[in-house]
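A.B. asks: Pasting a structure below so you can have a look.
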Amino acid sequence: MIDVEDAEILRSTAREALGSDLTLGHAADLGWTGLLTEETVGGAGWYPLEAVLVAMESGRAGSPSSWTANAVAAAIVGSIPELAAQAAGLLDGSRHAGVSLTHLAPLIDARGTISGRTGKLLAEREPDVLVLIDPDVDQAIVLRSDDAGVEIHEDVAGLESTRRVYRAELDAASAVKLAGGRVAELRTAAVLLLAADTVGAVAAAVEMTTDYLRDRVAYGAPIASFQAIQHRLVDLTVFELAADALVRNAARALAEDDPDAPRLAAAAHTYTEARAVVAIDDCIQLAGGIGFTWEFPLHHLLRRASTNAAVFGSGRASADRLAKLGGW
């Protein structure tokens with residue numbers, strides 16, 4: 001298990017790498033796409049905590065890279081014997097993946113093929129491989145975008161402004177199904193990676209807002225020195241640190257195969273996604289509303305957090321899952 005010092009080294013290294021125009025290929029060269037995939041099929045092994053730490057930095061940087069989707073997809077594909085050889089393209093970044101949490105039962109028709117529409121798929125470009133994971137049942141399906149029954153469309157009308165979002169129209173598409181196995185733990189990892197990205201976006205927003213309020217002077221004093229402003233900054237910082245701790249704790253439990261990991265992940269996702277958009281909106285208000293301009297970074301962070309809350313289910317959906325796991 002990674003210790004505190006190594007965790008900070010990993011985060012600082014990721015932050016430096018993400019400071020440039022990092023592509024999926026670069027992320028693959030750094031080994032990020034293999035952090036959830038078994039070594040037997042070319043991955044690095046099972047490192048969900050390390051993956052979560054890098055995802056936090058991706059959110060902080062507002063990175064367009066889709067390495068998290070490839071990391072989850074490579075692990076799913078690598079665990080299916082008849083597809084394991086295809087994991088290599090996902091691991092080295094030559095093939096792009098789109099991953100979505102989708103209720104599969106309504107999509108599987110009488111012939112066993114897949115028809116319907118997927119949810120949001122985050123990718124740098126049109127994905128080559130689609131992985132649909134059921135949010136409630138331990139089942140996943142893998143589709144190829146070059147199948148005659150698969151049509152990929154970019155969602156240009158959505159909120160997202162730092163990453164590309166796609167959807168897929170499926171018409172009797174052929175799919176390879178995976179039931180049981182690693183589906184549950186990889187579904188949990190996927191949810192945590194998006195929550196971690198949101199935590200990073202919140203951290204960037206709070207840091208940016210705090211710096212602005214320290215420099216902005218009103219009535220002869222920095223705005224950050226006013227008590228009412230200090231209270232709001234403290235509230236934002238407490239939320240950021242709590243969300244960071246919850247996501248890390250859940251990732252650590254997942255890395256250690258703790259049976260409580262799904263519950264901890266649902267709690268972390270519920271807490272983070274239910275409050276992140278409000279927190280970044282508060283940063284916008286503290287910055288004088290300037291975040292409502294397209295060019296200002298806070299606006300992009302708000303849109304990113306909003307997209308994350310929709311891609312793998314809302315905080316309310318995770319709250320429902322948490323209730324079921326707790327037998328409530």
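Convention: chains lettered A, B, ... in structure tokens order; per-chain residue numbering from 1; ligands numbered from 1 as shown.
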Need the shell around segment 246-259 of chain A: protein/DNA/RNA residues with any atom at most 10 Å away, counting only C-alpha atoms. Skip same-chain ones fewer than 2 positions apart. Format as number ranges by chain?

C.D. replies: A: 1-2, 36, 46-53, 56, 185-186, 188-189, 191-193, 195-196, 199, 241-244, 261-269, 271-272

A.B. asks: Would you mind exporting C-alpha atoms of the selected residues as a short mmCIF file (atom, residue, chain, number, x, y, z; two decimals), in the first residue's frame?

C.D. replies:
```
data_model
loop_
_atom_site.label_atom_id
_atom_site.label_comp_id
_atom_site.auth_asym_id
_atom_site.auth_seq_id
_atom_site.Cartn_x
_atom_site.Cartn_y
_atom_site.Cartn_z
CA MET A 1 0.00 0.00 0.00
CA ILE A 2 1.33 3.43 -0.96
CA LEU A 36 -6.50 -1.50 -12.62
CA TRP A 46 -4.48 -3.66 -8.86
CA TYR A 47 -3.76 -0.04 -7.76
CA PRO A 48 -7.08 1.78 -7.27
CA LEU A 49 -5.67 4.19 -4.67
CA GLU A 50 -2.90 5.33 -7.00
CA ALA A 51 -5.45 5.68 -9.82
CA VAL A 52 -7.67 7.83 -7.60
CA LEU A 53 -4.76 10.11 -6.67
CA MET A 56 -7.71 14.01 -8.49
CA GLU A 185 -14.95 -3.97 -7.98
CA LEU A 186 -14.37 -2.26 -11.32
CA THR A 188 -16.76 0.72 -7.71
CA ALA A 189 -13.40 1.87 -9.07
CA VAL A 191 -17.37 5.60 -9.61
CA LEU A 192 -14.44 6.53 -7.36
CA LEU A 193 -12.35 7.80 -10.29
CA ALA A 195 -15.60 11.32 -7.69
CA ALA A 196 -11.84 11.88 -7.41
CA VAL A 199 -12.59 16.48 -5.78
CA LEU A 241 -10.70 17.97 2.64
CA ALA A 242 -13.59 15.78 3.77
CA ALA A 243 -14.38 14.71 0.19
CA ASP A 244 -10.69 14.02 -0.44
CA ALA A 261 -15.44 -0.93 -0.02
CA PRO A 262 -18.73 -0.66 -1.99
CA ARG A 263 -20.44 1.03 0.96
CA LEU A 264 -17.53 3.42 1.51
CA ALA A 265 -17.44 4.25 -2.21
CA ALA A 266 -21.18 4.94 -2.29
CA ALA A 267 -20.82 7.21 0.75
CA ALA A 268 -17.88 9.08 -0.81
CA HIS A 269 -19.71 9.53 -4.11
CA TYR A 271 -21.11 13.25 -0.28
CA THR A 272 -18.94 14.55 -3.12
#
```

A.B. asks: List the spatial neighbours of Pro106 of chain A as an mmCIF file with C-alpha atoms, in the first residue's frame - criterion: any atom at most 12 Å away, only C-alpha atoms, same-chain residues fewer than 4 positions off excluded.

C.D. replies:
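Result file follows (out.cif):
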```cif
data_model
loop_
_atom_site.group_PDB
_atom_site.id
_atom_site.type_symbol
_atom_site.label_atom_id
_atom_site.label_comp_id
_atom_site.auth_asym_id
_atom_site.auth_seq_id
_atom_site.Cartn_x
_atom_site.Cartn_y
_atom_site.Cartn_z
ATOM 1 C CA THR A 102 -26.178 1.652 -17.922
ATOM 2 C CA ALA A 110 -34.669 -11.437 -27.587
ATOM 3 C CA GLY A 112 -29.202 -11.520 -27.243
ATOM 4 C CA THR A 113 -27.951 -8.480 -29.150
ATOM 5 C CA ILE A 114 -27.964 -4.928 -27.805
ATOM 6 C CA SER A 115 -30.385 -2.219 -28.881
ATOM 7 C CA GLY A 116 -31.040 1.213 -27.375
ATOM 8 C CA ARG A 117 -29.056 4.263 -26.328
ATOM 9 C CA THR A 118 -26.114 4.558 -23.972
ATOM 10 C CA ASP A 134 -24.791 -2.238 -14.955
#
```

A.B. asks: Considering only C-alpha atoms, tabulate each residue of segment 6-49 of chain A that lies at most 6 Å from segment 79-95 of chain A along with its nearest interatomic pair and the corresponding distance in Å to one decimal; arrange the rows by chain and ascending residue number and present them as CSV.

C.D. replies:
```
residue,atom,partner,partner_atom,distance
A:Leu24,CA,A:Gly93,CA,5.4
A:Gly25,CA,A:Gly93,CA,4.6
A:Ala28,CA,A:Asp92,CA,5.2
A:Thr33,CA,A:Leu91,CA,5.4
A:Gly34,CA,A:Leu91,CA,5.8
```

A.B. asks: Which residues come within 9 Å of Ala148 of chain A, counting only C-alpha atoms, excluding same-chain residues fewer than 2 positions away, as a list in words?

C.D. replies: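 Within the cut-off, the hits are Ser145, Asp146, Val150, Glu151, Asp171, Ala172, Ala173 and Ser174 of chain A.
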
A.B. asks: For the contact check between segment 210-275 of chain A and segment 299-317 of chain A, emit one row per residue of segment 210-275 of chain A within 6 Å, containing the shortest atom pair and the distance in Å rounded to one decimal, counting only C-alpha atoms, chain then rising number order, as CSV.

C.D. replies:
```
residue,atom,partner,partner_atom,distance
A:Thr270,CA,A:Gly315,CA,4.1
A:Glu273,CA,A:Gly315,CA,5.0
A:Ala274,CA,A:Gly315,CA,4.9
```

A.B. asks: Run DSSP on the backbone and give me the residues of segment 15-198 of chain A it puts in strand (DSSP E), as a PyMOL selection string.

C.D. replies: chain A and resi 97-101+114-117+121-122+129-133+139-144+150-154+165-173+176-179

A.B. asks: Go ahead and write the residues just picked, N, CA and C atoms, as a compact mmCIF listing (two decimals), in the first residue's frame.

C.D. replies:
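The new file out27.txt reads:
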```txt
# COMPACT_ATOMS: atom_id res chain seq x y z
N ALA A 97 -11.47 4.25 -25.25
CA ALA A 97 -12.63 3.57 -24.68
C ALA A 97 -13.65 4.58 -24.18
N GLY A 98 -14.90 4.16 -24.20
CA GLY A 98 -15.97 4.91 -23.56
C GLY A 98 -16.63 4.00 -22.56
N VAL A 99 -16.82 4.47 -21.33
CA VAL A 99 -17.39 3.66 -20.27
C VAL A 99 -18.63 4.35 -19.73
N SER A 100 -19.69 3.57 -19.51
CA SER A 100 -20.93 4.14 -19.00
C SER A 100 -21.59 3.16 -18.05
N LEU A 101 -22.21 3.70 -17.00
CA LEU A 101 -23.07 2.89 -16.14
C LEU A 101 -24.46 2.90 -16.77
N ILE A 114 -27.73 -6.12 -28.61
CA ILE A 114 -27.96 -4.93 -27.81
C ILE A 114 -28.59 -3.83 -28.65
N SER A 115 -29.70 -3.30 -28.18
CA SER A 115 -30.38 -2.22 -28.88
C SER A 115 -30.80 -1.15 -27.87
N GLY A 116 -30.68 0.12 -28.27
CA GLY A 116 -31.04 1.21 -27.38
C GLY A 116 -30.01 2.31 -27.42
N ARG A 117 -29.97 3.11 -26.38
CA ARG A 117 -29.06 4.26 -26.33
C ARG A 117 -28.25 4.20 -25.05
N LEU A 121 -20.54 9.18 -22.58
CA LEU A 121 -19.25 8.51 -22.73
C LEU A 121 -18.18 9.59 -22.86
N LEU A 122 -17.25 9.66 -21.91
CA LEU A 122 -16.17 10.64 -21.95
C LEU A 122 -14.98 10.05 -22.71
N VAL A 129 -13.94 1.33 -28.37
CA VAL A 129 -14.52 0.26 -27.55
C VAL A 129 -15.50 0.88 -26.57
N LEU A 130 -16.68 0.28 -26.45
CA LEU A 130 -17.67 0.73 -25.48
C LEU A 130 -17.81 -0.33 -24.40
N VAL A 131 -17.75 0.10 -23.16
CA VAL A 131 -17.96 -0.80 -22.02
C VAL A 131 -19.13 -0.27 -21.21
N LEU A 132 -20.19 -1.05 -21.15
CA LEU A 132 -21.39 -0.66 -20.40
C LEU A 132 -21.48 -1.54 -19.16
N ILE A 133 -21.49 -0.91 -17.99
CA ILE A 133 -21.52 -1.62 -16.72
C ILE A 133 -22.84 -1.35 -16.05
N GLN A 139 -22.79 -7.17 -13.94
CA GLN A 139 -22.78 -7.55 -15.36
C GLN A 139 -22.24 -6.38 -16.18
N ALA A 140 -21.49 -6.70 -17.20
CA ALA A 140 -20.96 -5.68 -18.11
C ALA A 140 -20.98 -6.25 -19.53
N ILE A 141 -21.05 -5.37 -20.51
CA ILE A 141 -20.96 -5.79 -21.91
C ILE A 141 -19.94 -4.92 -22.61
N VAL A 142 -19.28 -5.50 -23.60
CA VAL A 142 -18.25 -4.80 -24.38
C VAL A 142 -18.68 -4.80 -25.84
N LEU A 143 -18.68 -3.62 -26.47
CA LEU A 143 -19.05 -3.48 -27.87
C LEU A 143 -17.93 -2.77 -28.62
N ARG A 144 -17.84 -3.06 -29.91
CA ARG A 144 -16.87 -2.37 -30.77
C ARG A 144 -17.60 -1.31 -31.58
N VAL A 150 -23.66 -0.16 -34.27
CA VAL A 150 -23.23 0.88 -33.33
C VAL A 150 -23.01 2.20 -34.06
N GLU A 151 -23.68 3.23 -33.61
CA GLU A 151 -23.45 4.57 -34.14
C GLU A 151 -23.05 5.49 -33.00
N ILE A 152 -21.92 6.18 -33.16
CA ILE A 152 -21.40 7.07 -32.13
C ILE A 152 -21.67 8.51 -32.55
N HIS A 153 -22.18 9.31 -31.60
CA HIS A 153 -22.46 10.72 -31.87
C HIS A 153 -21.85 11.57 -30.75
N GLU A 154 -21.23 12.68 -31.13
CA GLU A 154 -20.70 13.58 -30.11
C GLU A 154 -21.84 14.43 -29.56
N VAL A 165 -17.78 14.55 -25.00
CA VAL A 165 -18.77 13.60 -24.51
C VAL A 165 -19.49 12.99 -25.71
N TYR A 166 -19.64 11.68 -25.70
CA TYR A 166 -20.30 10.98 -26.80
C TYR A 166 -21.48 10.16 -26.28
N ARG A 167 -22.35 9.77 -27.18
CA ARG A 167 -23.42 8.82 -26.88
C ARG A 167 -23.45 7.80 -28.02
N ALA A 168 -24.02 6.65 -27.76
CA ALA A 168 -24.07 5.60 -28.77
C ALA A 168 -25.51 5.15 -29.00
N GLU A 169 -25.86 5.02 -30.27
CA GLU A 169 -27.14 4.45 -30.66
C GLU A 169 -26.88 3.01 -31.08
N LEU A 170 -27.55 2.06 -30.44
CA LEU A 170 -27.28 0.64 -30.66
C LEU A 170 -28.50 -0.02 -31.32
N ASP A 171 -28.24 -0.74 -32.40
CA ASP A 171 -29.32 -1.42 -33.11
C ASP A 171 -28.88 -2.85 -33.42
N ALA A 172 -29.29 -3.77 -32.56
CA ALA A 172 -28.90 -5.19 -32.69
C ALA A 172 -27.40 -5.34 -32.79
N ALA A 173 -26.68 -4.62 -31.92
CA ALA A 173 -25.21 -4.69 -31.91
C ALA A 173 -24.74 -5.95 -31.20
N VAL A 176 -19.98 -8.75 -26.20
CA VAL A 176 -19.45 -9.81 -25.36
C VAL A 176 -19.83 -9.47 -23.93
N LYS A 177 -20.43 -10.41 -23.24
CA LYS A 177 -20.95 -10.15 -21.90
C LYS A 177 -20.01 -10.71 -20.84
N LEU A 178 -19.95 -10.04 -19.71
CA LEU A 178 -19.19 -10.49 -18.55
C LEU A 178 -20.10 -10.40 -17.34
N ALA A 179 -20.27 -11.50 -16.66
CA ALA A 179 -21.10 -11.52 -15.45
C ALA A 179 -20.25 -11.94 -14.27
```

A.B. asks: Can you work out the spacing between atom CA of Thr198 of chain A and atom CA of Asp128 of chain A in Å, to one decimal?

C.D. replies: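 Spanning atom CA of Thr198 of chain A to atom CA of Asp128 of chain A is a straight-line distance of 25.5 Å.
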
A.B. asks: Which one is closest to Gly180 of chain A: A:Ile76, A:Ala204, A:Leu213, A:Leu22? Count only C-alpha atoms.

C.D. replies: A:Ile76

A.B. asks: Considering only C-alpha atoms, return as a list in words whatever protein or nucleic-acid residues lie within 12 Å of Leu10 of chain A, sequence-local ones (same chain, fewer than 2 positions apart) excluded.

C.D. replies: Ile2, Asp3, Val4, Glu5, Asp6, Ala7, Glu8, Ser12, Thr13, Ala14, Arg15, Glu16, Ala17, Leu30, Gly31, Trp32, Leu49, Glu50, Ala51, Val52, Leu53, Val54, Ala55, Met56 and Glu57 of chain A

A.B. asks: Quick one: which segment 149-259 of chain A residues come within 10 Å of segment 275-292 of chain A, and what is the nearest atom pair for each with the distance in Å to one decimal, counting only C-alpha atoms, rows ordered by chain and ascending number, as a tab-separated table?

C.D. replies:
```
residue	atom	partner	partner_atom	distance
A:Ala195	CA	A:Ala276	CA	9.6
A:Thr198	CA	A:Ala276	CA	7.0
A:Val199	CA	A:Ala276	CA	7.6
A:Ala201	CA	A:Ile280	CA	8.4
A:Val202	CA	A:Ile280	CA	6.2
A:Ala203	CA	A:Ile280	CA	9.3
A:Ala204	CA	A:Ile280	CA	9.4
A:Ala205	CA	A:Ile280	CA	6.2
A:Val206	CA	A:Cys283	CA	6.6
A:Glu207	CA	A:Cys283	CA	9.5
A:Met208	CA	A:Cys283	CA	8.5
A:Thr209	CA	A:Cys283	CA	5.9
A:Thr210	CA	A:Cys283	CA	8.7
A:Tyr212	CA	A:Ala287	CA	7.1
A:Leu213	CA	A:Ala287	CA	7.4
A:Arg216	CA	A:Ala287	CA	9.4
A:Ile223	CA	A:Leu286	CA	9.6
A:Ala224	CA	A:Leu286	CA	9.9
A:Ile229	CA	A:Leu286	CA	7.9
A:Arg232	CA	A:Asp282	CA	8.5
A:Leu233	CA	A:Cys283	CA	8.7
A:Asp235	CA	A:Ala279	CA	9.0
A:Leu236	CA	A:Ala279	CA	6.4
A:Thr237	CA	A:Ala279	CA	9.6
A:Phe239	CA	A:Ala279	CA	8.1
A:Glu240	CA	A:Ala276	CA	8.5
A:Ala243	CA	A:Ala276	CA	9.1
```

A.B. asks: Go through A:Arg163, A:Gly45, A:Glu38, A:Gly78 one by one, measure the shortest atom-to-atom distance of each to Thr23 of chain A using only C-alpha atoms, and give the residue with the smallest value.

C.D. replies: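 Ranking A:Arg163, A:Gly45, A:Glu38, A:Gly78 by distance to Thr23 of chain A, first place goes to A:Arg163.
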
A.B. asks: Tell me, in Å to one decimal, how far atom CA of Trp294 of chain A is from atom CA of Ala228 of chain A.

C.D. replies: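 Answer for the atom CA of Trp294 of chain A to atom CA of Ala228 of chain A separation: 28.0 Å.
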
A.B. asks: In Å, how far is it from atom CA of Ala245 of chain A to atom CA of Ser225 of chain A?

C.D. replies: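 Separating atom CA of Ala245 of chain A from atom CA of Ser225 of chain A is a distance of 27.6 Å.
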
A.B. asks: Counting only C-alpha atoms, figure out which residue out of A:Arg182, A:Arg60, A:Arg11, A:His103 gets nearest to Asp136 of chain A.

C.D. replies: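 The answer is A:His103, which sits nearest to Asp136 of chain A.
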
A.B. asks: In terms of the shortest atom-to-atom distance over only C-alpha atoms, which of A:Asp197, A:Asp109, A:Glu39, A:Asp320 is closest to Trp67 of chain A?

C.D. replies: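 Result for the nearest residue to Trp67 of chain A: A:Asp197.
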
A.B. asks: Which residue out of A:Ile9, A:Val183, A:Leu159, A:Ala69 has the minimum interatomic distance to Leu35 of chain A when only C-alpha atoms are used?

C.D. replies: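 When distances to Leu35 of chain A are compared using only C-alpha atoms, the smallest one comes from A:Ala69.
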